[in-house]
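*Asks:* Below: one structure in structure tokens.
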Protein chains: 2
Amino acid sequence: MTNFDRLFSPRGIALVGASSNLGSVGGQPLRFLTEYGYAGRVYPVNPKYTEMKGLPCFPDLASVPDPCDVALVVVGGRHVPGVIDQCGARGIAFAIVLSAGFHEIGERGADQQKALDAALARNKVRIIGPNCIGLLNLNEHIHAGFGGAMSNRTLRAGPLAMVTQSGGFGLGMVAAGDQQGIGFNYVVSTGNETDIKATELIRYLLEREDTDAVVAYLEGSTDGHGLLDIGRRALELEKPVLMWKVGDSRSGRRAATSHTGRLSAGAALFRRAIIEGGFIEIGDTDDVVDLAQYLSYRKRAKGNRVAILTLSGGAGVLVADLCEQQDLDVPETSAETIAKLRPDTPEIASLTNPIDLTPQGYGDSFAAYTRVIETVLAAPEFDQAIVRSAPGAIAAAWARGFIEVAKRSDKPVMLQWGSGAERNQEAFDIVRSAGIPSFLSPRRALNALGAIYRFGVKINRHKARAALASARPVGPQALDLPAGGALGERRSKMVLARYGIPVVREELIAENEIDTLRAPALAFPLAVKIESPDIAHKTEAGAIRLGITDIEGLRTAAHEVLASARKYRPNARIEGVLAQEIACGTEVIVGAVNDRYFGPVVMFGLGGVLTEVLHDVTHRFAPFDLATAREMLAEIKGAALLRGYRGAPALDIEALADTLVRISLLIADHSGRIRELDINPLFVRAAGQGVVAADALIVLNEEFGR
Amino acid sequence: MTNFDRLFSPRGIALVGASSNLGSVGGQPLRFLTEYGYAGRVYPVNPKYTEMKGLPCFPDLASVPDPCDVALVVVGGRHVPGVIDQCGARGIAFAIVLSAGFHEIGERGADQQKALDAALARNKVRIIGPNCIGLLNLNEHIHAGFGGAMSNRTLRAGPLAMVTQSGGFGLGMVAAGDQQGIGFNYVVSTGNETDIKATELIRYLLEREDTDAVVAYLEGSTDGHGLLDIGRRALELEKPVLMWKVGDSRSGRRAATSHTGRLSAGAALFRRAIIEGGFIEIGDTDDVVDLAQYLSYRKRAKGNRVAILTLSGGAGVLVADLCEQQDLDVPETSAETIAKLRPDTPEIASLTNPIDLTPQGYGDSFAAYTRVIETVLAAPEFDQAIVRSAPGAIAAAWARGFIEVAKRSDKPVMLQWGSGAERNQEAFDIVRSAGIPSFLSPRRALNALGAIYRFGVKINRHKARAALASARPVGPQALDLPAGGALGERRSKMVLARYGIPVVREELIAENEIDTLRAPALAFPLAVKIESPDIAHKTEAGAIRLGITDIEGLRTAAHEVLASARKYRPNARIEGVLAQEIACGTEVIVGAVNDRYFGPVVMFGLGGVLTEVLHDVTHRFAPFDLATAREMLAEIKGAALLRGYRGAPALDIEALADTLVRISLLIADHSGRIRELDINPLFVRAAGQGVVAADALIVLNEEFGR
């Protein structure tokens, strides 16, 4: 992993293509770097000048003195490869290339892109961009780029970092956040990502101790493994990546492609990586502003049981609805707590959570409301509290007592401002300076609380799994796989069996054994199928017979199946005829693929219409443990069918989960060779009676270099 | 329908329970009504005083002079019934009862509630409340209530009305809206709704010409018919009701009940009414603020094709994503338009919608960007445009040109502020005063645009239907129904047949005819079932046999079925045995109920797992037309199964839609008698081959007064 410390905190910056026109792309960074307080050295590079803005101007990078850690490149696109060579020769580790006109403009930029790729290949230089707007380090007043928001000298510094694939939009977010009290430390626009990828920068910034969270604005990424790694690390560090992922719609994808020529991993697995890892998905600057309040609030709830305290019945109803939408529980107040609350509450108050003192209930006595909050925070049935403030006029006086109560409790408290509060700046300031999250909008308040709650759930799950580090149910198995192509049904099931997955009992009958065949060691009724690596769709080939009840029928069926197969595909390699016991149970489908970007992934779905029409399937990155497999089974929409629907017995969920784990190990152990794997159907029997794979198909990657 | 003009614009208001303590509940309205500019007469009523705040104080309502249209009541709960009697005697048409302590506090308030009900029954007085916080008419400076936001004298007036079941929360919304430039005219808090319901007030305010929209904050309502009527009328008037519906969660429902003791129609049908009618569902004050910009913008798009113009590629991607999420189309720019754009756009610009000039593209020449916008607005492939503003520093200068272009076009334009814009108040003011909707947050911008677009779609659909006013496929049919209970299968299907719905061919065989039975006029194979109004679950009773292939089998099956039925339920009334042809096709379920609050409703779902486990069903209020029935068939998740899934032939969707229409007429024509109706299964055959009801059950309401 590259150490980017000197990229973000360079001791000196060479500005290649510097301009004395301070409004131009080459002039803006010269102005920012010399006027905004950057403490390092600035070296304008431009052969036409010897001096610029009072600084010596150098003809090339070779003549730039030490220290110089970064070249900020604003020359025309065709000159960029030469500048990279100069960086390499001079030993400048990083270049930030603002220049455009590479593969993002398609055919027209192809030659320039090729030249840039070649320059990068022959030099030990790492570059940001091209086609980016630069980098900000607000702690050290480094504005190394151009454009509207980059020129804003007064942007506040704060504990958030940002990696953005859209410079304009990302910097706009910085500016909008600044207006709402949110500060960033490091902000980097990645442009085309010809070399350094957004994921690499996210990973680096996540590790920095001066960063509370990384905001990522991504149009796409092919670094699936990097995303998975970031997700894991964010959970370990208990520090979220706030992921704003765009470009998933048809026209959005089209726009992203023409924006930076960027490819991306598929949207479904990308979202899966966000769900599984230490990401919080966002979709607005408001989300960052709201989450930032929680990121700086160190109290974490022990559970999801929320007490709602309000002076407005309507607000109580609304907040209760919003809590449940966020998977937070609003349990009833215990009789013991109610007894403690009675002396401080008016008769018309409603004390079963939401606890509503009513607008007539508090009178002028906001002290009673504060005592009620203290009693509720002490109650063991609640893990956290959402408090609606006293209204406008008395909000400030009330807030002074409230923050003391909130500080004394080890449970988190969130404030939702009541009516008229938007006029009471004093009350706002009191609560804000106490560090207590507070919101005008109940919806925004609960969206943020819900996101933080779910992030905590993911952290806990990650810890639990790391602690268990459950032993594999089966070790890595050597498989004798051919060089490429598809394995036939029988060989595919032999692979499954190596990983301990039950398969139907079957026998392969060679063509010349058919007429002399004696009773096989299988229980009738049987199915008879062609066994050929060249016939994947046996039903279509007419090469399958079901319900064979005796040896005579078996012989007849075997001949028929052979004849059909030969007619369907005369040149097919035929290994024989498969006689197979007929399994039964509930049909499910288990699949696995080796995704080009994310690596091995397992899919599970109920068979038939549910999978094919309703797309009721779920995915996990492989390998995974039993707890994950159980989650998969619980989260499909048709999960009730597994648990025993309409009086049917519950199915063997444990055996099914175990099979998913084994498949995840199989695909992960052999991700270099197995491209796709399908068990369709896998029959699931009643609880305790296991599962059995009735048909399977494995498709291999060609084995290179064999 | 009551005319509420005098409630909202009273010529005089009697304040019953007035207090000279101007901070108290009885003193606040006295202060507001005398100090804020109300032009009507104010009459304090309190037997303890002869004068209050410089006004004569009256001992009772009888002594109050004319004109007096409203009594504002703040006396203790036990005195309220007497005040209502005084209103009745004095001829005061309306009372606004702020007093609490009625059924909202449960048992403790029951006696007072009963007394209030009785007083209302014996007087021609209509009341708002009790347990409300009052009414605002900001046009006429009437603050007839109490509490924080009610006391705000500077609230701006505007074209929105509000009906709120939570006074505190509703008034908070008024105050928060005021801060963001949104004004209300009439605001009413409905409290317990012992008499006047929120729906009645919404309906009234919707009709007022000085109202652009009604904001409704509802915890629940039993006035389903009123909601449906409001929804229709809002579409006719092309004026939306912005519906904030809370209380749908478990704890939210609990809170709503304890808040005002309110019952409510079920959440699913409530939401259905919102979807079908002229409602826009909201969930935050921000939504009102955002929608208000569109309500005052009179340009309406002719279609859903959006052009996106931006200087930030990232913003283009994001806005394109958001458009598709809102069912808006982002088509590619035509070659003709691109040719027109070329002279005004830099080489690196991307002109396939989103049209991205890039941050380097516009230079200082914002005039070129304005010309590009004009060209795009003229292009026939777009119905409307979303424009991202030029950034901070030049935003104001650019905005002057932009608003001229936007005004000249008859297509709607929406502005999304670009980076740095939050610092440019001048630019904001230029765009706002031009009346062009503009937003800082792309998400909020598109949420509002999407809501307005869908409202327009509903209006157009409503017009199309009203214009067609399609003839009923079948007239109202007289049905010979028994007094109550369930109809047996055969009689239920006879009812269906009266409405022209195909049913399976069948014959009823009396018990004494079985042994002498000759071949029936039905095609074997047959099913045999018991026919009894007392046995609804024939399978459970063992009173069903399938696959009968000859007359002998029919006789045997008939005896067996009779025996099983008698064993299952010895006292069952048995009408005979039903011999039935066996239908086939794809199973679907059609149901209808007479909802207590909303009246007749039809349900459609695919059979089996899809309905029972995945709850893949859809509802419509009855009666409805073919277009609506087709919508139902298209919107279930498993719709692909009807269209012909995996090479299966498409099913007879037209016949199925026709059946749904007939069922909707049947349940609507007989809503007084039929409580429930189920066809399960209805078999749907391939296109052109119709449908057939294989089993049906109708449950009747008891016929009162027969």
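Quick note on naming: the chains in the structure tokens go A, B, ... in the order shown, residues restart at 1 in each chain, and ligands are numbered from 1 in order of appearance.
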Would you mind listing, as a PDB file with all heavy atoms, in the first residue's frame, all residues of chain A that have at least one atom within 6 Å of chain B, where only C-alpha atoms are what counts?

*Replies:*
ATOM      1  N   ALA A 149     -15.157  26.285  -5.804  1.00  0.00           N
ATOM      2  CA  ALA A 149     -15.069  25.985  -4.383  1.00  0.00           C
ATOM      3  C   ALA A 149     -13.612  25.900  -3.938  1.00  0.00           C
ATOM      4  O   ALA A 149     -13.280  26.217  -2.793  1.00  0.00           O
ATOM      5  CB  ALA A 149     -15.794  24.677  -4.088  1.00  0.00           C
ATOM      6  N   SER A 166     -16.114  13.141  -8.903  1.00  0.00           N
ATOM      7  CA  SER A 166     -16.538  14.366  -9.576  1.00  0.00           C
ATOM      8  C   SER A 166     -15.979  15.528  -8.792  1.00  0.00           C
ATOM      9  O   SER A 166     -16.434  15.814  -7.683  1.00  0.00           O
ATOM     10  CB  SER A 166     -18.063  14.461  -9.622  1.00  0.00           C
ATOM     11  OG  SER A 166     -18.430  15.776 -10.009  1.00  0.00           O
ATOM     12  N   GLY A 168     -16.157  18.796  -9.408  1.00  0.00           N
ATOM     13  CA  GLY A 168     -17.104  19.893  -9.257  1.00  0.00           C
ATOM     14  C   GLY A 168     -18.138  19.593  -8.202  1.00  0.00           C
ATOM     15  O   GLY A 168     -18.397  20.398  -7.301  1.00  0.00           O
ATOM     16  N   PHE A 169     -18.714  18.403  -8.286  1.00  0.00           N
ATOM     17  CA  PHE A 169     -19.762  18.080  -7.336  1.00  0.00           C
ATOM     18  C   PHE A 169     -19.199  17.892  -5.928  1.00  0.00           C
ATOM     19  O   PHE A 169     -19.792  18.324  -4.947  1.00  0.00           O
ATOM     20  CB  PHE A 169     -20.510  16.817  -7.774  1.00  0.00           C
ATOM     21  CG  PHE A 169     -21.833  16.722  -7.109  1.00  0.00           C
ATOM     22  CD1 PHE A 169     -22.919  17.401  -7.628  1.00  0.00           C
ATOM     23  CD2 PHE A 169     -21.987  16.005  -5.936  1.00  0.00           C
ATOM     24  CE1 PHE A 169     -24.139  17.358  -6.992  1.00  0.00           C
ATOM     25  CE2 PHE A 169     -23.217  15.963  -5.299  1.00  0.00           C
ATOM     26  CZ  PHE A 169     -24.294  16.636  -5.827  1.00  0.00           C
ATOM     27  N   GLY A 172     -18.388  21.148  -4.426  1.00  0.00           N
ATOM     28  CA  GLY A 172     -19.663  21.783  -4.090  1.00  0.00           C
ATOM     29  C   GLY A 172     -20.173  21.271  -2.758  1.00  0.00           C
ATOM     30  O   GLY A 172     -20.716  22.012  -1.940  1.00  0.00           O
ATOM     31  N   ALA A 175     -18.293  22.920  -0.005  1.00  0.00           N
ATOM     32  CA  ALA A 175     -18.761  24.292   0.210  1.00  0.00           C
ATOM     33  C   ALA A 175     -20.109  24.298   0.921  1.00  0.00           C
ATOM     34  O   ALA A 175     -20.338  25.066   1.864  1.00  0.00           O
ATOM     35  CB  ALA A 175     -18.855  25.013  -1.135  1.00  0.00           C
ATOM     36  N   VAL A 246     -23.303   6.929  -7.338  1.00  0.00           N
ATOM     37  CA  VAL A 246     -24.204   7.341  -8.414  1.00  0.00           C
ATOM     38  C   VAL A 246     -23.874   6.546  -9.677  1.00  0.00           C
ATOM     39  O   VAL A 246     -22.927   5.751  -9.696  1.00  0.00           O
ATOM     40  CB  VAL A 246     -24.101   8.856  -8.693  1.00  0.00           C
ATOM     41  CG1 VAL A 246     -24.505   9.666  -7.476  1.00  0.00           C
ATOM     42  CG2 VAL A 246     -22.689   9.232  -9.155  1.00  0.00           C
ATOM     43  N   GLY A 247     -24.647   6.759 -10.713  1.00  0.00           N
ATOM     44  CA  GLY A 247     -24.367   6.101 -11.986  1.00  0.00           C
ATOM     45  C   GLY A 247     -25.012   4.733 -12.118  1.00  0.00           C
ATOM     46  O   GLY A 247     -24.550   3.910 -12.908  1.00  0.00           O
ATOM     47  N   SER A 249     -28.379   4.265 -12.816  1.00  0.00           N
ATOM     48  CA  SER A 249     -29.474   4.267 -13.790  1.00  0.00           C
ATOM     49  C   SER A 249     -28.888   4.149 -15.190  1.00  0.00           C
ATOM     50  O   SER A 249     -27.685   4.292 -15.398  1.00  0.00           O
ATOM     51  CB  SER A 249     -30.284   5.555 -13.661  1.00  0.00           C
ATOM     52  OG  SER A 249     -29.498   6.658 -14.089  1.00  0.00           O
ATOM     53  N   SER A 251     -29.335   6.150 -17.849  1.00  0.00           N
ATOM     54  CA  SER A 251     -28.758   7.397 -18.363  1.00  0.00           C
ATOM     55  C   SER A 251     -27.627   7.878 -17.449  1.00  0.00           C
ATOM     56  O   SER A 251     -26.699   8.548 -17.921  1.00  0.00           O
ATOM     57  CB  SER A 251     -29.840   8.468 -18.510  1.00  0.00           C
ATOM     58  OG  SER A 251     -30.533   8.654 -17.299  1.00  0.00           O
ATOM     59  N   GLY A 252     -27.690   7.536 -16.164  1.00  0.00           N
ATOM     60  CA  GLY A 252     -26.605   7.893 -15.258  1.00  0.00           C
ATOM     61  C   GLY A 252     -25.320   7.164 -15.624  1.00  0.00           C
ATOM     62  O   GLY A 252     -24.227   7.730 -15.627  1.00  0.00           O
ATOM     63  N   ALA A 255     -23.931   8.754 -18.665  1.00  0.00           N
ATOM     64  CA  ALA A 255     -23.265  10.009 -18.334  1.00  0.00           C
ATOM     65  C   ALA A 255     -21.920   9.748 -17.668  1.00  0.00           C
ATOM     66  O   ALA A 255     -20.934  10.430 -17.956  1.00  0.00           O
ATOM     67  CB  ALA A 255     -24.158  10.842 -17.418  1.00  0.00           C
ATOM     68  N   ALA A 256     -21.864   8.756 -16.786  1.00  0.00           N
ATOM     69  CA  ALA A 256     -20.613   8.464 -16.085  1.00  0.00           C
ATOM     70  C   ALA A 256     -19.553   8.028 -17.094  1.00  0.00           C
ATOM     71  O   ALA A 256     -18.387   8.389 -16.987  1.00  0.00           O
ATOM     72  CB  ALA A 256     -20.833   7.386 -15.033  1.00  0.00           C
ATOM     73  N   HIS A 259     -18.330  10.941 -18.867  1.00  0.00           N
ATOM     74  CA  HIS A 259     -17.680  11.884 -17.960  1.00  0.00           C
ATOM     75  C   HIS A 259     -16.189  11.557 -17.832  1.00  0.00           C
ATOM     76  O   HIS A 259     -15.334  12.404 -17.990  1.00  0.00           O
ATOM     77  CB  HIS A 259     -18.384  11.826 -16.601  1.00  0.00           C
ATOM     78  CG  HIS A 259     -17.858  12.783 -15.570  1.00  0.00           C
ATOM     79  ND1 HIS A 259     -18.047  12.570 -14.229  1.00  0.00           N
ATOM     80  CD2 HIS A 259     -17.177  13.932 -15.682  1.00  0.00           C
ATOM     81  CE1 HIS A 259     -17.480  13.566 -13.563  1.00  0.00           C
ATOM     82  NE2 HIS A 259     -16.952  14.401 -14.405  1.00  0.00           N
ATOM     83  N   SER A 312     -45.749  17.269  22.194  1.00  0.00           N
ATOM     84  CA  SER A 312     -46.718  17.288  21.100  1.00  0.00           C
ATOM     85  C   SER A 312     -47.073  15.859  20.752  1.00  0.00           C
ATOM     86  O   SER A 312     -46.214  15.090  20.323  1.00  0.00           O
ATOM     87  CB  SER A 312     -46.109  17.997  19.882  1.00  0.00           C
ATOM     88  OG  SER A 312     -46.690  17.496  18.695  1.00  0.00           O
ATOM     89  N   GLY A 313     -48.330  15.509  20.943  1.00  0.00           N
ATOM     90  CA  GLY A 313     -48.757  14.145  20.643  1.00  0.00           C
ATOM     91  C   GLY A 313     -48.475  13.773  19.215  1.00  0.00           C
ATOM     92  O   GLY A 313     -48.021  12.676  18.900  1.00  0.00           O
ATOM     93  N   GLY A 314     -48.711  14.715  18.299  1.00  0.00           N
ATOM     94  CA  GLY A 314     -48.483  14.447  16.886  1.00  0.00           C
ATOM     95  C   GLY A 314     -47.035  14.124  16.602  1.00  0.00           C
ATOM     96  O   GLY A 314     -46.720  13.185  15.861  1.00  0.00           O
ATOM     97  N   ALA A 315     -46.141  14.892  17.209  1.00  0.00           N
ATOM     98  CA  ALA A 315     -44.718  14.618  17.001  1.00  0.00           C
ATOM     99  C   ALA A 315     -44.362  13.234  17.528  1.00  0.00           C
ATOM    100  O   ALA A 315     -43.548  12.519  16.936  1.00  0.00           O
ATOM    101  CB  ALA A 315     -43.878  15.691  17.688  1.00  0.00           C
ATOM    102  N   VAL A 317     -46.290  10.569  17.602  1.00  0.00           N
ATOM    103  CA  VAL A 317     -46.770   9.579  16.635  1.00  0.00           C
ATOM    104  C   VAL A 317     -45.789   9.488  15.461  1.00  0.00           C
ATOM    105  O   VAL A 317     -45.353   8.409  15.049  1.00  0.00           O
ATOM    106  CB  VAL A 317     -48.169   9.971  16.102  1.00  0.00           C
ATOM    107  CG1 VAL A 317     -48.622   8.989  15.029  1.00  0.00           C
ATOM    108  CG2 VAL A 317     -49.179  10.041  17.245  1.00  0.00           C
ATOM    109  N   LEU A 318     -45.432  10.641  14.953  1.00  0.00           N
ATOM    110  CA  LEU A 318     -44.539  10.702  13.795  1.00  0.00           C
ATOM    111  C   LEU A 318     -43.186  10.072  14.106  1.00  0.00           C
ATOM    112  O   LEU A 318     -42.670   9.261  13.323  1.00  0.00           O
ATOM    113  CB  LEU A 318     -44.353  12.171  13.408  1.00  0.00           C
ATOM    114  CG  LEU A 318     -43.244  12.441  12.400  1.00  0.00           C
ATOM    115  CD1 LEU A 318     -43.585  11.826  11.068  1.00  0.00           C
ATOM    116  CD2 LEU A 318     -43.013  13.933  12.258  1.00  0.00           C
ATOM    117  N   ALA A 320     -42.432   7.946  16.421  1.00  0.00           N
ATOM    118  CA  ALA A 320     -42.592   6.496  16.615  1.00  0.00           C
ATOM    119  C   ALA A 320     -42.624   5.776  15.272  1.00  0.00           C
ATOM    120  O   ALA A 320     -41.949   4.758  15.075  1.00  0.00           O
ATOM    121  CB  ALA A 320     -43.870   6.215  17.413  1.00  0.00           C
ATOM    122  N   ASP A 321     -43.386   6.308  14.325  1.00  0.00           N
ATOM    123  CA  ASP A 321     -43.411   5.736  12.970  1.00  0.00           C
ATOM    124  C   ASP A 321     -42.004   5.676  12.389  1.00  0.00           C
ATOM    125  O   ASP A 321     -41.575   4.652  11.841  1.00  0.00           O
ATOM    126  CB  ASP A 321     -44.240   6.623  12.026  1.00  0.00           C
ATOM    127  CG  ASP A 321     -45.740   6.368  12.105  1.00  0.00           C
ATOM    128  OD1 ASP A 321     -46.156   5.506  12.880  1.00  0.00           O
ATOM    129  OD2 ASP A 321     -46.477   7.055  11.385  1.00  0.00           O
ATOM    130  N   SER A 419     -41.661  23.193  17.946  1.00  0.00           N
ATOM    131  CA  SER A 419     -42.135  24.307  17.133  1.00  0.00           C
ATOM    132  C   SER A 419     -41.555  25.626  17.626  1.00  0.00           C
ATOM    133  O   SER A 419     -41.403  25.849  18.820  1.00  0.00           O
ATOM    134  CB  SER A 419     -43.661  24.354  17.152  1.00  0.00           C
ATOM    135  OG  SER A 419     -44.121  24.436  18.469  1.00  0.00           O
ATOM    136  N   GLY A 420     -41.240  26.470  16.678  1.00  0.00           N
ATOM    137  CA  GLY A 420     -40.695  27.785  17.000  1.00  0.00           C
ATOM    138  C   GLY A 420     -39.204  27.772  17.245  1.00  0.00           C
ATOM    139  O   GLY A 420     -38.580  28.826  17.361  1.00  0.00           O
TER     140      GLY A 420
END

*Asks:* Residues of range 482-554 of chain B classed as helix (DSSP H, G or I) by DSSP on the backbone are to be reported as number ranges by chain.

*Replies:* B: 489-498, 511-513, 551-554

*Asks:* Now that the selection is made, can you save its residues with all heavy atoms as a compact mmCIF listing (two decimals), in the first residue's frame?

*Replies:*
# COMPACT_ATOMS: atom_id res chain seq x y z
N GLU B 489 -71.03 -22.73 -2.51
CA GLU B 489 -70.25 -22.56 -3.72
C GLU B 489 -71.14 -22.36 -4.95
O GLU B 489 -70.91 -21.47 -5.76
CB GLU B 489 -69.37 -23.80 -3.92
CG GLU B 489 -68.60 -23.76 -5.23
CD GLU B 489 -67.74 -25.00 -5.45
OE1 GLU B 489 -67.49 -25.74 -4.48
OE2 GLU B 489 -67.32 -25.21 -6.60
N ARG B 490 -72.17 -23.22 -5.07
CA ARG B 490 -72.98 -23.18 -6.28
C ARG B 490 -73.75 -21.87 -6.39
O ARG B 490 -73.77 -21.22 -7.43
CB ARG B 490 -73.94 -24.36 -6.25
CG ARG B 490 -74.72 -24.53 -7.53
CD ARG B 490 -75.52 -25.83 -7.50
NE ARG B 490 -76.85 -25.59 -8.02
CZ ARG B 490 -77.91 -25.23 -7.30
NH1 ARG B 490 -77.79 -25.09 -5.98
NH2 ARG B 490 -79.07 -25.03 -7.87
N ARG B 491 -74.35 -21.45 -5.28
CA ARG B 491 -75.12 -20.21 -5.31
C ARG B 491 -74.21 -19.01 -5.52
O ARG B 491 -74.57 -18.04 -6.17
CB ARG B 491 -75.86 -20.04 -3.99
CG ARG B 491 -76.94 -21.08 -3.85
CD ARG B 491 -77.92 -20.62 -2.82
NE ARG B 491 -79.01 -21.57 -2.78
CZ ARG B 491 -80.15 -21.33 -2.17
NH1 ARG B 491 -80.33 -20.18 -1.55
NH2 ARG B 491 -81.10 -22.23 -2.16
N SER B 492 -73.01 -19.09 -4.94
CA SER B 492 -72.06 -17.98 -5.15
C SER B 492 -71.73 -17.85 -6.63
O SER B 492 -71.70 -16.76 -7.19
CB SER B 492 -70.77 -18.25 -4.35
OG SER B 492 -71.04 -18.25 -2.97
N LYS B 493 -71.52 -19.00 -7.28
CA LYS B 493 -71.19 -18.94 -8.71
C LYS B 493 -72.39 -18.51 -9.55
O LYS B 493 -72.22 -17.87 -10.60
CB LYS B 493 -70.63 -20.28 -9.17
CG LYS B 493 -69.16 -20.44 -8.77
CD LYS B 493 -68.48 -21.64 -9.34
CE LYS B 493 -69.04 -22.88 -8.71
NZ LYS B 493 -68.14 -24.05 -8.88
N MET B 494 -73.59 -18.81 -9.07
CA MET B 494 -74.77 -18.33 -9.79
C MET B 494 -74.82 -16.79 -9.77
O MET B 494 -75.20 -16.15 -10.75
CB MET B 494 -76.05 -18.93 -9.20
CG MET B 494 -76.23 -20.39 -9.61
SD MET B 494 -77.49 -21.27 -8.63
CE MET B 494 -78.96 -20.35 -9.08
N VAL B 495 -74.42 -16.23 -8.63
CA VAL B 495 -74.36 -14.76 -8.54
C VAL B 495 -73.33 -14.23 -9.53
O VAL B 495 -73.58 -13.26 -10.26
CB VAL B 495 -74.02 -14.32 -7.10
CG1 VAL B 495 -73.67 -12.83 -7.06
CG2 VAL B 495 -75.18 -14.63 -6.15
N LEU B 496 -72.17 -14.87 -9.58
CA LEU B 496 -71.14 -14.44 -10.54
C LEU B 496 -71.68 -14.48 -11.96
O LEU B 496 -71.47 -13.57 -12.77
CB LEU B 496 -69.90 -15.32 -10.44
CG LEU B 496 -69.15 -15.34 -9.11
CD1 LEU B 496 -67.90 -16.23 -9.22
CD2 LEU B 496 -68.74 -13.94 -8.67
N ALA B 497 -72.38 -15.58 -12.27
CA ALA B 497 -72.91 -15.76 -13.62
C ALA B 497 -73.90 -14.64 -13.98
O ALA B 497 -73.95 -14.20 -15.13
CB ALA B 497 -73.56 -17.13 -13.74
N ARG B 498 -74.66 -14.17 -12.98
CA ARG B 498 -75.58 -13.06 -13.24
C ARG B 498 -74.84 -11.83 -13.74
O ARG B 498 -75.38 -11.01 -14.46
CB ARG B 498 -76.37 -12.68 -11.96
CG ARG B 498 -77.41 -13.69 -11.54
CD ARG B 498 -78.51 -13.79 -12.59
NE ARG B 498 -79.23 -12.56 -12.79
CZ ARG B 498 -80.38 -12.25 -12.21
NH1 ARG B 498 -80.96 -13.12 -11.40
NH2 ARG B 498 -80.98 -11.10 -12.46
N GLU B 511 -79.58 -35.91 -3.00
CA GLU B 511 -79.14 -37.16 -2.41
C GLU B 511 -79.94 -38.35 -2.95
O GLU B 511 -79.40 -39.40 -3.26
CB GLU B 511 -79.26 -37.07 -0.87
CG GLU B 511 -78.66 -38.26 -0.18
CD GLU B 511 -78.49 -38.03 1.32
OE1 GLU B 511 -78.90 -36.95 1.81
OE2 GLU B 511 -77.94 -38.92 1.97
N ASN B 512 -81.25 -38.16 -3.09
CA ASN B 512 -82.10 -39.28 -3.52
C ASN B 512 -82.02 -39.57 -5.01
O ASN B 512 -82.63 -40.50 -5.51
CB ASN B 512 -83.57 -39.04 -3.09
CG ASN B 512 -84.11 -37.76 -3.70
OD1 ASN B 512 -83.48 -37.16 -4.58
ND2 ASN B 512 -85.27 -37.33 -3.23
N GLU B 513 -81.27 -38.75 -5.75
CA GLU B 513 -81.11 -39.00 -7.19
C GLU B 513 -79.84 -39.79 -7.49
O GLU B 513 -79.64 -40.22 -8.62
CB GLU B 513 -81.01 -37.67 -7.95
CG GLU B 513 -82.29 -36.84 -7.94
CD GLU B 513 -82.03 -35.42 -8.48
OE1 GLU B 513 -80.85 -35.13 -8.79
OE2 GLU B 513 -82.98 -34.64 -8.57
N ILE B 551 -69.61 -42.76 -14.82
CA ILE B 551 -70.85 -42.61 -14.04
C ILE B 551 -70.79 -43.43 -12.75
O ILE B 551 -71.28 -43.00 -11.70
CB ILE B 551 -72.08 -42.98 -14.93
CG1 ILE B 551 -73.39 -42.71 -14.18
CG2 ILE B 551 -72.02 -44.40 -15.42
CD1 ILE B 551 -73.66 -41.25 -14.02
N GLU B 552 -70.15 -44.57 -12.83
CA GLU B 552 -70.05 -45.43 -11.64
C GLU B 552 -69.21 -44.74 -10.57
O GLU B 552 -69.57 -44.68 -9.39
CB GLU B 552 -69.41 -46.78 -12.05
CG GLU B 552 -69.72 -47.90 -11.11
CD GLU B 552 -71.21 -47.96 -10.74
OE1 GLU B 552 -72.07 -48.05 -11.67
OE2 GLU B 552 -71.50 -47.87 -9.54
N GLY B 553 -68.11 -44.21 -11.02
CA GLY B 553 -67.24 -43.47 -10.10
C GLY B 553 -67.97 -42.28 -9.51
O GLY B 553 -67.77 -41.93 -8.34
N LEU B 554 -68.81 -41.65 -10.28
CA LEU B 554 -69.56 -40.48 -9.82
C LEU B 554 -70.48 -40.85 -8.67
O LEU B 554 -70.53 -40.17 -7.64
CB LEU B 554 -70.35 -39.91 -11.00
CG LEU B 554 -71.20 -38.67 -10.76
CD1 LEU B 554 -70.37 -37.54 -10.17
CD2 LEU B 554 -71.86 -38.21 -12.06
